>>> print(open('model29.pdb').read())   # PDB, C-alpha atoms
ATOM      1  CA  MET A 250     133.642 107.630  95.692
ATOM      2  CA  VAL A 251     133.748 104.363  93.737
ATOM      3  CA  VAL A 252     131.391 102.466  96.023
ATOM      4  CA  GLU A 253     128.303 104.555  95.234
ATOM      5  CA  PRO A 254     128.249 103.838  91.451
ATOM      6  CA  LEU A 255     128.813 100.143  92.172
ATOM      7  CA  MET A 256     125.808 100.137  94.491
ATOM      8  CA  TRP A 257     123.714 101.751  91.788
ATOM      9  CA  ILE A 258     124.860  99.158  89.262
ATOM     10  CA  ARG A 259     124.095  96.315  91.662
ATOM     11  CA  LEU A 260     120.640  97.738  92.458
ATOM     12  CA  ALA A 261     119.828  98.248  88.768
ATOM     13  CA  ALA A 262     121.018  94.718  87.897
ATOM     14  CA  GLN A 263     118.908  93.168  90.646
ATOM     15  CA  ARG A 264     115.813  95.077  89.548
ATOM     16  CA  ALA A 265     116.400  94.223  85.876
ATOM     17  CA  LEU A 266     116.675  90.502  86.689
ATOM     18  CA  GLN A 267     113.489  90.657  88.751
ATOM     19  CA  ALA A 268     111.748  92.517  85.914
ATOM     20  CA  ALA A 269     112.754  89.911  83.313
ATOM     21  CA  THR A 270     111.575  87.070  85.578
ATOM     22  CA  LEU A 271     108.254  88.797  86.252
ATOM     23  CA  LEU A 272     107.656  89.450  82.544
ATOM     24  CA  LEU A 273     108.389  85.826  81.679
ATOM     25  CA  GLY A 274     106.063  84.550  84.401
ATOM     26  CA  ALA A 275     103.252  86.933  83.397
ATOM     27  CA  THR A 276     103.404  85.935  79.730
ATOM     28  CA  LEU A 277     103.519  82.223  80.580
ATOM     29  CA  LEU A 278     100.521  82.482  82.911
ATOM     30  CA  ALA A 279      98.465  84.464  80.394
ATOM     31  CA  PHE A 280      99.435  82.091  77.585
ATOM     32  CA  LEU A 281      98.305  79.051  79.560
ATOM     33  CA  LEU A 282      95.053  80.644  80.755
ATOM     34  CA  MET A 283      94.036  81.577  77.217
ATOM     35  CA  ARG A 284      94.958  78.243  75.683
ATOM     36  CA  LEU A 285      93.356  76.164  78.445
ATOM     37  CA  ALA A 286      90.038  78.035  78.194
ATOM     38  CA  PRO A 287      87.378  76.207  76.146
ATOM     39  CA  GLY A 288      87.401  77.007  72.431
ATOM     40  CA  ASP A 289      89.813  78.876  70.186
ATOM     41  CA  PRO A 290      89.618  81.655  67.563
ATOM     42  CA  PHE A 291      88.048  79.265  65.071
ATOM     43  CA  SER A 292      85.463  77.593  67.325
ATOM     44  CA  ALA A 293      82.613  79.723  65.994
ATOM     45  CA  LEU A 294      83.711  78.958  62.446
ATOM     46  CA  ALA A 295      83.849  75.245  63.215
ATOM     47  CA  ALA A 296      80.264  75.368  64.500
ATOM     48  CA  ASN A 297      79.048  76.650  61.137
ATOM     49  CA  PRO A 298      77.643  73.670  59.184
ATOM     50  CA  ARG A 299      78.610  75.347  55.902
ATOM     51  CA  VAL A 300      82.310  75.265  56.777
ATOM     52  CA  ARG A 301      84.205  72.057  56.136
ATOM     53  CA  PRO A 302      86.119  70.617  59.124
ATOM     54  CA  GLU A 303      89.252  70.208  57.004
ATOM     55  CA  ASP A 304      89.255  73.952  56.263
ATOM     56  CA  VAL A 305      89.105  74.724  59.977
ATOM     57  CA  ALA A 306      91.911  72.220  60.566
ATOM     58  CA  LEU A 307      94.024  74.013  57.942
ATOM     59  CA  LEU A 308      93.469  77.345  59.685
ATOM     60  CA  ARG A 309      94.465  75.901  63.040
ATOM     61  CA  ASP A 310      97.549  74.382  61.460
ATOM     62  CA  ARG A 311      98.455  77.698  59.802
ATOM     63  CA  TRP A 312      98.333  79.526  63.130
ATOM     64  CA  GLY A 313     100.057  76.685  65.020
ATOM     65  CA  LEU A 314      97.093  75.983  67.290
ATOM     66  CA  ASP A 315      97.278  72.235  66.745
ATOM     67  CA  ARG A 316     100.728  71.957  68.330
ATOM     68  CA  PRO A 317     101.435  71.093  71.993
ATOM     69  CA  LEU A 318     101.193  74.060  74.353
ATOM     70  CA  PRO A 319     104.893  74.069  75.344
ATOM     71  CA  VAL A 320     105.861  74.162  71.658
ATOM     72  CA  GLN A 321     103.419  77.018  70.985
ATOM     73  CA  TYR A 322     104.833  79.050  73.865
ATOM     74  CA  VAL A 323     108.463  78.476  72.897
ATOM     75  CA  ILE A 324     107.733  79.515  69.304
ATOM     76  CA  TRP A 325     105.948  82.652  70.501
ATOM     77  CA  LEU A 326     108.747  83.482  72.961
ATOM     78  CA  GLN A 327     111.439  83.057  70.294
ATOM     79  CA  ALA A 328     109.560  85.426  67.997
ATOM     80  CA  LEU A 329     109.148  87.917  70.861
ATOM     81  CA  LEU A 330     112.901  87.945  71.522
ATOM     82  CA  GLN A 331     113.349  88.861  67.858
ATOM     83  CA  GLY A 332     110.878  91.739  68.179
ATOM     84  CA  ASP A 333     108.068  89.928  66.357
ATOM     85  CA  LEU A 334     104.663  89.887  68.077
ATOM     86  CA  GLY A 335     102.986  88.109  65.184
ATOM     87  CA  ARG A 336      99.853  89.096  63.298
ATOM     88  CA  SER A 337      96.250  89.530  64.352
ATOM     89  CA  ILE A 338      94.175  86.448  63.599
ATOM     90  CA  ARG A 339      91.116  88.642  63.076
ATOM     91  CA  THR A 340      92.559  91.345  60.774
ATOM     92  CA  GLY A 341      95.946  90.026  59.659
ATOM     93  CA  GLN A 342      97.663  93.262  60.738
ATOM     94  CA  PRO A 343     101.008  93.096  62.541
ATOM     95  CA  VAL A 344     100.355  93.103  66.263
ATOM     96  CA  LEU A 345     103.122  95.658  66.786
ATOM     97  CA  GLU A 346     101.237  98.139  64.598
ATOM     98  CA  VAL A 347      97.933  97.440  66.347
ATOM     99  CA  VAL A 348      99.459  97.965  69.789
ATOM    100  CA  ALA A 349     101.559 100.979  68.768
ATOM    101  CA  ARG A 350      98.497 102.708  67.320
ATOM    102  CA  ALA A 351      96.571 102.269  70.578
ATOM    103  CA  LEU A 352      99.496 102.902  72.931
ATOM    104  CA  GLY A 353      99.511 106.685  72.485
ATOM    105  CA  PRO A 354      95.892 107.252  73.556
ATOM    106  CA  THR A 355      96.335 104.931  76.539
ATOM    107  CA  LEU A 356      99.496 106.696  77.729
ATOM    108  CA  GLU A 357      97.762 110.036  77.253
ATOM    109  CA  LEU A 358      94.768 108.932  79.301
ATOM    110  CA  THR A 359      96.736 107.265  82.110
ATOM    111  CA  GLY A 360      99.236 110.136  82.237
ATOM    112  CA  ALA A 361      96.470 112.721  82.561
ATOM    113  CA  ALA A 362      94.726 110.589  85.193
ATOM    114  CA  ALA A 363      97.932 110.149  87.188
ATOM    115  CA  LEU A 364      98.641 113.895  87.165
ATOM    116  CA  LEU A 365      95.088 114.685  88.261
ATOM    117  CA  ALA A 366      95.267 112.049  90.986
ATOM    118  CA  LEU A 367      98.641 113.247  92.292
ATOM    119  CA  GLY A 368      97.521 116.875  92.377
ATOM    120  CA  ALA A 369      94.302 116.047  94.179
ATOM    121  CA  ALA A 370      95.980 113.579  96.578
ATOM    122  CA  LEU A 371      98.748 116.008  97.562
ATOM    123  CA  THR A 372      96.277 118.851  98.097
ATOM    124  CA  LEU A 373      93.692 116.873 100.049
ATOM    125  CA  GLY A 374      96.259 114.868 102.017
ATOM    126  CA  LEU A 375      98.168 117.994 103.043
ATOM    127  CA  LEU A 376      95.015 119.865 104.068
ATOM    128  CA  ALA A 377      93.866 116.892 106.133
ATOM    129  CA  ALA A 378      97.288 116.532 107.781
ATOM    130  CA  LEU A 379      97.491 120.212 108.719
ATOM    131  CA  ARG A 380      94.207 119.923 110.648
ATOM    132  CA  PRO A 381      94.039 116.326 111.918
ATOM    133  CA  HIS A 382      90.742 115.113 113.394
ATOM    134  CA  SER A 383      88.998 118.276 112.215
ATOM    135  CA  GLY A 384      85.827 118.433 110.168
ATOM    136  CA  LEU A 385      87.912 118.843 107.014
ATOM    137  CA  ASP A 386      89.990 115.776 107.873
ATOM    138  CA  ARG A 387      86.885 113.691 108.491
ATOM    139  CA  ALA A 388      85.297 114.943 105.266
ATOM    140  CA  VAL A 389      88.394 113.991 103.231
ATOM    141  CA  THR A 390      88.477 110.557 104.852
ATOM    142  CA  ALA A 391      84.782 109.935 104.264
ATOM    143  CA  GLY A 392      85.047 111.115 100.667
ATOM    144  CA  ALA A 393      87.995 108.802 100.019
ATOM    145  CA  TYR A 394      86.134 105.797 101.401
ATOM    146  CA  LEU A 395      83.053 106.683  99.364
ATOM    147  CA  VAL A 396      85.060 106.895  96.133
ATOM    148  CA  LEU A 397      86.837 103.605  96.808
ATOM    149  CA  SER A 398      83.604 101.812  97.690
ATOM    150  CA  LEU A 399      82.107 102.293  94.202
ATOM    151  CA  PRO A 400      83.442 100.613  91.041
ATOM    152  CA  VAL A 401      85.055 102.601  88.234
ATOM    153  CA  PHE A 402      82.263 101.984  85.738
ATOM    154  CA  LEU A 403      79.700 103.433  88.158
ATOM    155  CA  TRP A 404      81.735 106.630  88.536
ATOM    156  CA  ALA A 405      81.960 106.780  84.753
ATOM    157  CA  PHE A 406      78.170 106.555  84.558
ATOM    158  CA  LEU A 407      77.631 109.186  87.264
ATOM    159  CA  LEU A 408      80.092 111.664  85.750
ATOM    160  CA  THR A 409      78.592 111.169  82.291
ATOM    161  CA  LEU A 410      75.086 111.602  83.687
ATOM    162  CA  ALA A 411      76.059 114.846  85.412
ATOM    163  CA  PHE A 412      78.451 116.592  83.014
ATOM    164  CA  SER A 413      77.270 115.248  79.674
ATOM    165  CA  VAL A 414      73.583 114.380  79.957
ATOM    166  CA  GLY A 415      72.565 116.771  82.738
ATOM    167  CA  TRP A 416      74.636 119.923  82.155
ATOM    168  CA  GLY A 417      75.832 119.201  78.630
ATOM    169  CA  VAL A 418      79.249 120.781  79.207
ATOM    170  CA  LEU A 419      81.402 117.784  78.251
ATOM    171  CA  PRO A 420      81.139 115.114  75.517
ATOM    172  CA  SER A 421      80.179 111.651  76.681
ATOM    173  CA  ALA A 422      82.518 109.551  74.522
ATOM    174  CA  GLY A 423      85.082 109.514  71.758
ATOM    175  CA  TYR A 424      88.565 110.827  71.035
ATOM    176  CA  GLY A 425      87.238 113.922  69.274
ATOM    177  CA  GLU A 426      84.187 115.259  67.507
ATOM    178  CA  PRO A 427      83.518 112.916  64.570
ATOM    179  CA  GLY A 428      83.529 114.454  61.108
ATOM    180  CA  ARG A 429      85.480 117.530  62.185
ATOM    181  CA  PRO A 430      89.189 118.423  61.839
ATOM    182  CA  PHE A 431      91.323 117.724  64.901
ATOM    183  CA  SER A 432      91.149 120.485  67.477
ATOM    184  CA  LEU A 433      93.224 120.479  70.657
ATOM    185  CA  GLY A 434      90.504 122.175  72.665
ATOM    186  CA  ASP A 435      87.865 119.691  71.500
ATOM    187  CA  HIS A 436      90.218 116.776  72.169
ATOM    188  CA  LEU A 437      90.933 117.976  75.718
ATOM    189  CA  ARG A 438      87.192 118.250  76.360
ATOM    190  CA  HIS A 439      86.832 114.584  75.364
ATOM    191  CA  LEU A 440      89.736 113.696  77.678
ATOM    192  CA  VAL A 441      88.288 115.254  80.843
ATOM    193  CA  LEU A 442      85.651 112.658  81.765
ATOM    194  CA  PRO A 443      87.704 109.473  81.189
ATOM    195  CA  ALA A 444      90.755 110.977  82.907
ATOM    196  CA  ALA A 445      88.681 112.128  85.885
ATOM    197  CA  THR A 446      86.999 108.728  86.131
ATOM    198  CA  LEU A 447      90.348 106.968  86.166
ATOM    199  CA  ALA A 448      91.859 109.479  88.605
ATOM    200  CA  LEU A 449      89.128 109.317  91.248
ATOM    201  CA  PRO A 450      90.045 106.013  92.957
ATOM    202  CA  LEU A 451      93.762 106.808  92.698
ATOM    203  CA  ALA A 452      93.364 110.220  94.310
ATOM    204  CA  ALA A 453      91.239 108.721  97.081
ATOM    205  CA  ALA A 454      93.799 106.041  97.913
ATOM    206  CA  TRP A 455      96.882 108.219  97.527
ATOM    207  CA  SER A 456      95.448 111.031  99.674
ATOM    208  CA  ARG A 457      95.445 108.690 102.678
ATOM    209  CA  TYR A 458      99.147 107.907 102.179
ATOM    210  CA  VAL A 459      99.950 111.606 101.781
ATOM    211  CA  ARG A 460      98.078 112.446 104.967
ATOM    212  CA  ALA A 461      99.861 109.734 106.945
ATOM    213  CA  GLY A 462     103.216 110.746 105.471
ATOM    214  CA  PHE A 463     102.802 114.420 106.371
ATOM    215  CA  LEU A 464     101.570 113.608 109.883
ATOM    216  CA  GLY A 465     104.688 111.536 110.501
ATOM    217  CA  VAL A 466     107.074 114.104 109.023
ATOM    218  CA  LEU A 467     105.526 117.150 110.732
ATOM    219  CA  ALA A 468     106.111 115.517 114.124
ATOM    220  CA  ARG A 469     109.864 115.107 113.549
ATOM    221  CA  GLY A 470     112.474 117.156 115.354
ATOM    222  CA  HIS A 471     113.960 118.935 112.323
ATOM    223  CA  ILE A 472     110.507 120.246 111.360
ATOM    224  CA  ARG A 473     109.954 121.596 114.862
ATOM    225  CA  ALA A 474     113.435 123.133 114.752
ATOM    226  CA  ALA A 475     112.688 124.799 111.424
ATOM    227  CA  ARG A 476     109.514 126.268 112.856
ATOM    228  CA  ALA A 477     111.374 127.438 115.954
ATOM    229  CA  ARG A 478     113.858 129.306 113.722
ATOM    230  CA  GLY A 479     110.937 131.345 112.444
ATOM    231  CA  LEU A 480     110.871 129.974 108.907
ATOM    232  CA  PRO A 481     107.649 130.729 107.007
ATOM    233  CA  PRO A 482     105.147 127.822 107.082
ATOM    234  CA  ALA A 483     105.271 127.514 103.285
ATOM    235  CA  VAL A 484     109.065 127.083 103.366
ATOM    236  CA  VAL A 485     108.826 124.487 106.132
ATOM    237  CA  LEU A 486     106.247 122.510 104.187
ATOM    238  CA  LEU A 487     107.779 122.702 100.716
ATOM    239  CA  ARG A 488     111.485 122.537 101.518
ATOM    240  CA  HIS A 489     111.640 120.380 104.633
ATOM    241  CA  ALA A 490     108.442 118.331 104.930
ATOM    242  CA  LEU A 491     107.375 117.670 101.338
ATOM    243  CA  PRO A 492     110.391 115.568 100.157
ATOM    244  CA  ASP A 493     110.270 113.258 103.185
ATOM    245  CA  ALA A 494     106.481 112.930 103.069
ATOM    246  CA  VAL A 495     106.260 112.232  99.339
ATOM    247  CA  THR A 496     109.114 109.711  99.082
ATOM    248  CA  PRO A 497     107.050 106.748 100.446
ATOM    249  CA  LEU A 498     104.308 107.646  97.952
ATOM    250  CA  LEU A 499     106.622 106.640  95.084
ATOM    251  CA  GLY A 500     106.408 102.990  96.086
ATOM    252  CA  VAL A 501     102.645 103.258  96.408
ATOM    253  CA  VAL A 502     102.362 104.807  92.943
ATOM    254  CA  ALA A 503     104.426 101.959  91.493
ATOM    255  CA  VAL A 504     102.175  99.385  93.155
ATOM    256  CA  GLU A 505      99.016 101.186  92.038
ATOM    257  CA  LEU A 506     100.182 101.525  88.422
ATOM    258  CA  PRO A 507      98.663  98.179  87.367
ATOM    259  CA  GLN A 508      95.344  99.445  88.735
ATOM    260  CA  VAL A 509      95.629 102.482  86.434
ATOM    261  CA  LEU A 510      96.121 100.269  83.394
ATOM    262  CA  THR A 511      93.430  97.825  84.520
ATOM    263  CA  GLY A 512      91.001 100.657  85.132
ATOM    264  CA  ALA A 513      91.876 102.036  81.713
ATOM    265  CA  VAL A 514      90.373  98.912  80.125
ATOM    266  CA  VAL A 515      86.983  99.677  81.682
ATOM    267  CA  THR A 516      87.263 103.435  81.205
ATOM    268  CA  GLU A 517      88.286 103.220  77.548
ATOM    269  CA  THR A 518      85.409 100.852  76.851
ATOM    270  CA  VAL A 519      82.820 103.087  78.531
ATOM    271  CA  PHE A 520      84.067 106.293  76.893
ATOM    272  CA  ALA A 521      84.965 104.748  73.498
ATOM    273  CA  TRP A 522      88.586 105.821  73.946
ATOM    274  CA  PRO A 523      90.774 104.206  71.232
ATOM    275  CA  GLY A 524      93.459 102.790  73.506
ATOM    276  CA  LEU A 525      94.865  99.461  74.584
ATOM    277  CA  GLY A 526      91.815  98.766  76.741
ATOM    278  CA  ARG A 527      89.459  98.659  73.769
ATOM    279  CA  VAL A 528      91.982  96.676  71.731
ATOM    280  CA  MET A 529      92.283  94.144  74.563
ATOM    281  CA  GLN A 530      88.511  93.855  74.949
ATOM    282  CA  THR A 531      88.007  93.213  71.232
ATOM    283  CA  ALA A 532      90.859  90.704  71.150
ATOM    284  CA  LEU A 533      89.568  88.803  74.184
ATOM    285  CA  LEU A 534      86.059  88.546  72.769
ATOM    286  CA  GLY A 535      87.435  87.266  69.471
ATOM    287  CA  ARG A 536      90.075  85.032  71.087
ATOM    288  CA  ASP A 537      92.712  86.866  69.042
ATOM    289  CA  TYR A 538      95.671  85.299  70.848
ATOM    290  CA  PRO A 539      98.530  87.283  69.241
ATOM    291  CA  VAL A 540      96.884  90.642  69.981
ATOM    292  CA  VAL A 541      96.060  89.666  73.576
ATOM    293  CA  MET A 542      99.659  88.579  74.174
ATOM    294  CA  GLY A 543     100.993  91.710  72.472
ATOM    295  CA  VAL A 544      98.936  94.022  74.660
ATOM    296  CA  LEU A 545      99.919  92.010  77.728
ATOM    297  CA  VAL A 546     103.622  92.334  76.893
ATOM    298  CA  PHE A 547     103.339  96.096  76.477
ATOM    299  CA  VAL A 548     101.251  96.654  79.610
ATOM    300  CA  THR A 549     103.442  94.387  81.740
ATOM    301  CA  THR A 550     106.615  95.997  80.412
ATOM    302  CA  LEU A 551     105.313  99.491  81.120
ATOM    303  CA  THR A 552     104.298  98.438  84.628
ATOM    304  CA  ILE A 553     107.665  96.850  85.329
ATOM    305  CA  LEU A 554     109.596  99.822  83.949
ATOM    306  CA  ALA A 555     107.538 102.218  86.054
ATOM    307  CA  SER A 556     108.152 100.102  89.166
ATOM    308  CA  LEU A 557     111.865  99.923  88.340
ATOM    309  CA  ALA A 558     112.046 103.693  87.876
ATOM    310  CA  ALA A 559     110.225 104.213  91.186
ATOM    311  CA  ASP A 560     112.645 101.872  92.988
ATOM    312  CA  LEU A 561     115.691 103.659  91.562
ATOM    313  CA  LEU A 562     114.242 107.083  92.340
ATOM    314  CA  HIS A 563     113.356 105.920  95.837
ATOM    315  CA  GLY A 564     116.950 104.765  96.237
ATOM    316  CA  ALA A 565     118.204 108.174  95.106
ATOM    317  CA  LEU A 566     116.021 109.967  97.652
ATOM    318  CA  ASP A 567     116.465 107.508 100.525
ATOM    319  CA  PRO A 568     120.004 106.192 101.196
ATOM    320  CA  ARG A 569     118.598 103.381 103.351
ATOM    321  CA  VAL A 570     117.244 101.721 100.198
ATOM    322  CA  ARG A 571     120.654 101.766  98.514
ATOM    323  CA  HIS A 572     122.550 100.468 101.508
ATOM    324  CA  GLY A 573     119.888  97.968 102.545
TER     325      GLY A 573
END
>>> encode(input="model29.pdb", output="structure tokens")
Amino acid sequence: MVVEPLMWIRLAAQRALQAATLLLGATLLAFLLMRLAPGDPFSALAANPRVRPEDVALLRDRWGLDRPLPVQYVIWLQALLQGDLGRSIRTGQPVLEVVARALGPTLELTGAAALLALGAALTLGLLAALRPHSGLDRAVTAGAYLVLSLPVFLWAFLLTLAFSVGWGVLPSAGYGEPGRPFSLGDHLRHLVLPAATLALPLAAAWSRYVRAGFLGVLARGHIRAARARGLPPAVVLLRHALPDAVTPLLGVVAVELPQVLTGAVVTETVFAWPGLGRVMQTALLGRDYPVVMGVLVFVTTLTILASLAADLLHGALDPRVRHG
């Protein structure tokens, strides 16, 4: 009775240490890549003949850009450990406020996309597994490969062309109708296209894992025994097959989570969605180092926490993970 909690504590401690190491490595790599790239936030200003070089030097000194790279990183890391992400070079706003303001729309978009993708993947994967090698199975497989073969921005263009330009049933961009009071119905209409665009490649990939998982589970002895006892097919699927078939998908979802956030950058840009993707794009174009690092910390932390939660949940559902 005492061993099980100790195993949970050991598993959680191992995952937390791995998460901290991964976060440190990700921030260090991003920091070096940005600083080693040609130019800095004040390069365009320095190229202006009307600006004195000493003024540019003062700006670089004020933001600490004239110090050695290791010193810059240590200073940034110390501030991070104190909960300070710095201020935007472009606007002067605290980075924490900039990221917090954009975090809600991004979580809303990725959450809606993940729910759509899971629903579609479970439905299509189960239907394909119930009739393997049938016309339906081949159609689901071909559709998944077609979706995965095209980039996200192209699907965004096609969906916009069909539902916004062609049929005019959905808005093409924005968080809501400009100039009008907030309306939940109007907001949800603006959410449909970006969420569907982001969900398409996820649903295509996850449906293949669901199909394979159900095919493996449905061939097991306890499923055949349940059917032999005369249990209704729905009970066999939902109570006996579904938990075993879906458990491996948790690890896949955790691995695919970075793709959701990466795809959100493109999707938010195309659909003018005011999330972290647009903030990151603007910061990268302007070489706004503090904002780029702030967004990176939040995205990496969310990814790590989601992976950690998936590992712990997987351990709860599968004893082999805990004891292995």
>>> residues_around(input="model29.pdb", residues="A:Ala363", least_positions_apart="5", cutoff="10 Å", atoms="only C-alpha atoms", output="short mmCIF file (atom, residue, chain, number, x, y, z; two decimals) with C-alpha atoms, in the coordinates of the input")
data_model
loop_
_atom_site.label_atom_id
_atom_site.label_comp_id
_atom_site.auth_asym_id
_atom_site.auth_seq_id
_atom_site.Cartn_x
_atom_site.Cartn_y
_atom_site.Cartn_z
CA GLU A 357 97.76 110.04 77.25
CA LEU A 358 94.77 108.93 79.30
CA GLY A 368 97.52 116.88 92.38
CA ALA A 369 94.30 116.05 94.18
CA ALA A 444 90.76 110.98 82.91
CA ALA A 445 88.68 112.13 85.88
CA LEU A 447 90.35 106.97 86.17
CA ALA A 448 91.86 109.48 88.60
CA LEU A 449 89.13 109.32 91.25
CA LEU A 451 93.76 106.81 92.70
CA ALA A 452 93.36 110.22 94.31
CA VAL A 502 102.36 104.81 92.94
CA LEU A 506 100.18 101.52 88.42
CA VAL A 509 95.63 102.48 86.43
#
>>> atom_distance(input="model29.pdb", atom1="atom CA of A:Leu533", atom2="atom CA of A:Arg311")
20.2 Å
>>> atom_distance(input="model29.pdb", atom1="atom CA of A:Ser292", atom2="atom CA of A:Ala275")
25.7 Å
>>> atom_distance(input="model29.pdb", atom1="atom CA of A:Val344", atom2="atom CA of A:Met542")
9.1 Å
>>> residues_around(input="model29.pdb", residues="A:Ala268", least_positions_apart="4", cutoff="8 Å", atoms="all atoms listed in the file", output="PyMOL selection string")
chain A and resi 264+272+553-554+557
>>> closest_atom_pairs(input="model29.pdb", of="stretch 515-558 of chain A", to="stretch 403-416 of chain A", cutoff="10 Å", atoms="only C-alpha atoms", output="tab-separated table")
residue	atom	partner	partner_atom	distance
A:Val515	CA	A:Ala405	CA	9.2
A:Thr516	CA	A:Ala405	CA	7.2
A:Val519	CA	A:Ala405	CA	7.3
A:Phe520	CA	A:Ala405	CA	8.2
>>> resolve_selection(input="model29.pdb", expression="the PyMOL selection byres ((chain A and resi 421-427) around 8)", output="PyMOL selection string")
chain A and resi 409+413-414+419-420+428-429+431-432+435-436+439-440+442+519-523
>>> resolve_selection(input="model29.pdb", expression="the PyMOL selection byres ((chain A and resi 336) around 10)", output="MDAnalysis selection string")
chainID A and resid 312 333:335 337:347 537:540 543
>>> decode(input="model29.pdb", residues="stretch 404-440 of chain A", atoms="C-alpha atoms", output="short mmCIF file (atom, residue, chain, number, x, y, z; two decimals), in the first residue's frame")
data_model
loop_
_atom_site.label_atom_id
_atom_site.label_comp_id
_atom_site.auth_asym_id
_atom_site.auth_seq_id
_atom_site.Cartn_x
_atom_site.Cartn_y
_atom_site.Cartn_z
CA TRP A 404 -5.67 24.05 -46.22
CA ALA A 405 -6.31 27.47 -44.69
CA PHE A 406 -6.53 28.94 -48.19
CA LEU A 407 -8.81 26.17 -49.48
CA LEU A 408 -11.19 26.35 -46.51
CA THR A 409 -11.34 30.14 -46.75
CA LEU A 410 -11.95 29.94 -50.49
CA ALA A 411 -14.81 27.48 -49.99
CA PHE A 412 -16.59 28.62 -46.83
CA SER A 413 -15.85 32.34 -46.86
CA VAL A 414 -15.36 33.44 -50.46
CA GLY A 415 -17.45 30.80 -52.24
CA TRP A 416 -20.41 30.13 -49.92
CA GLY A 417 -20.05 33.13 -47.62
CA VAL A 418 -21.15 31.19 -44.53
CA LEU A 419 -18.09 31.86 -42.35
CA PRO A 420 -15.87 34.93 -41.80
CA SER A 421 -12.40 34.74 -43.30
CA ALA A 422 -10.38 36.32 -40.48
CA GLY A 423 -10.44 38.04 -37.13
CA TYR A 424 -11.45 37.34 -33.54
CA GLY A 425 -14.88 38.90 -34.00
CA GLU A 426 -16.77 41.33 -36.17
CA PRO A 427 -14.94 44.67 -35.92
CA GLY A 428 -16.93 47.63 -34.63
CA ARG A 429 -19.60 45.47 -33.00
CA PRO A 430 -20.12 44.41 -29.35
CA PHE A 431 -18.78 40.97 -28.45
CA SER A 432 -21.16 38.18 -29.35
CA LEU A 433 -20.49 34.54 -28.50
CA GLY A 434 -22.19 33.30 -31.65
CA ASP A 435 -20.19 35.67 -33.86
CA HIS A 436 -16.97 34.75 -32.05
CA LEU A 437 -17.59 31.02 -32.54
CA ARG A 438 -18.18 31.62 -36.25
CA HIS A 439 -14.74 33.27 -36.45
CA LEU A 440 -13.24 30.31 -34.57
#
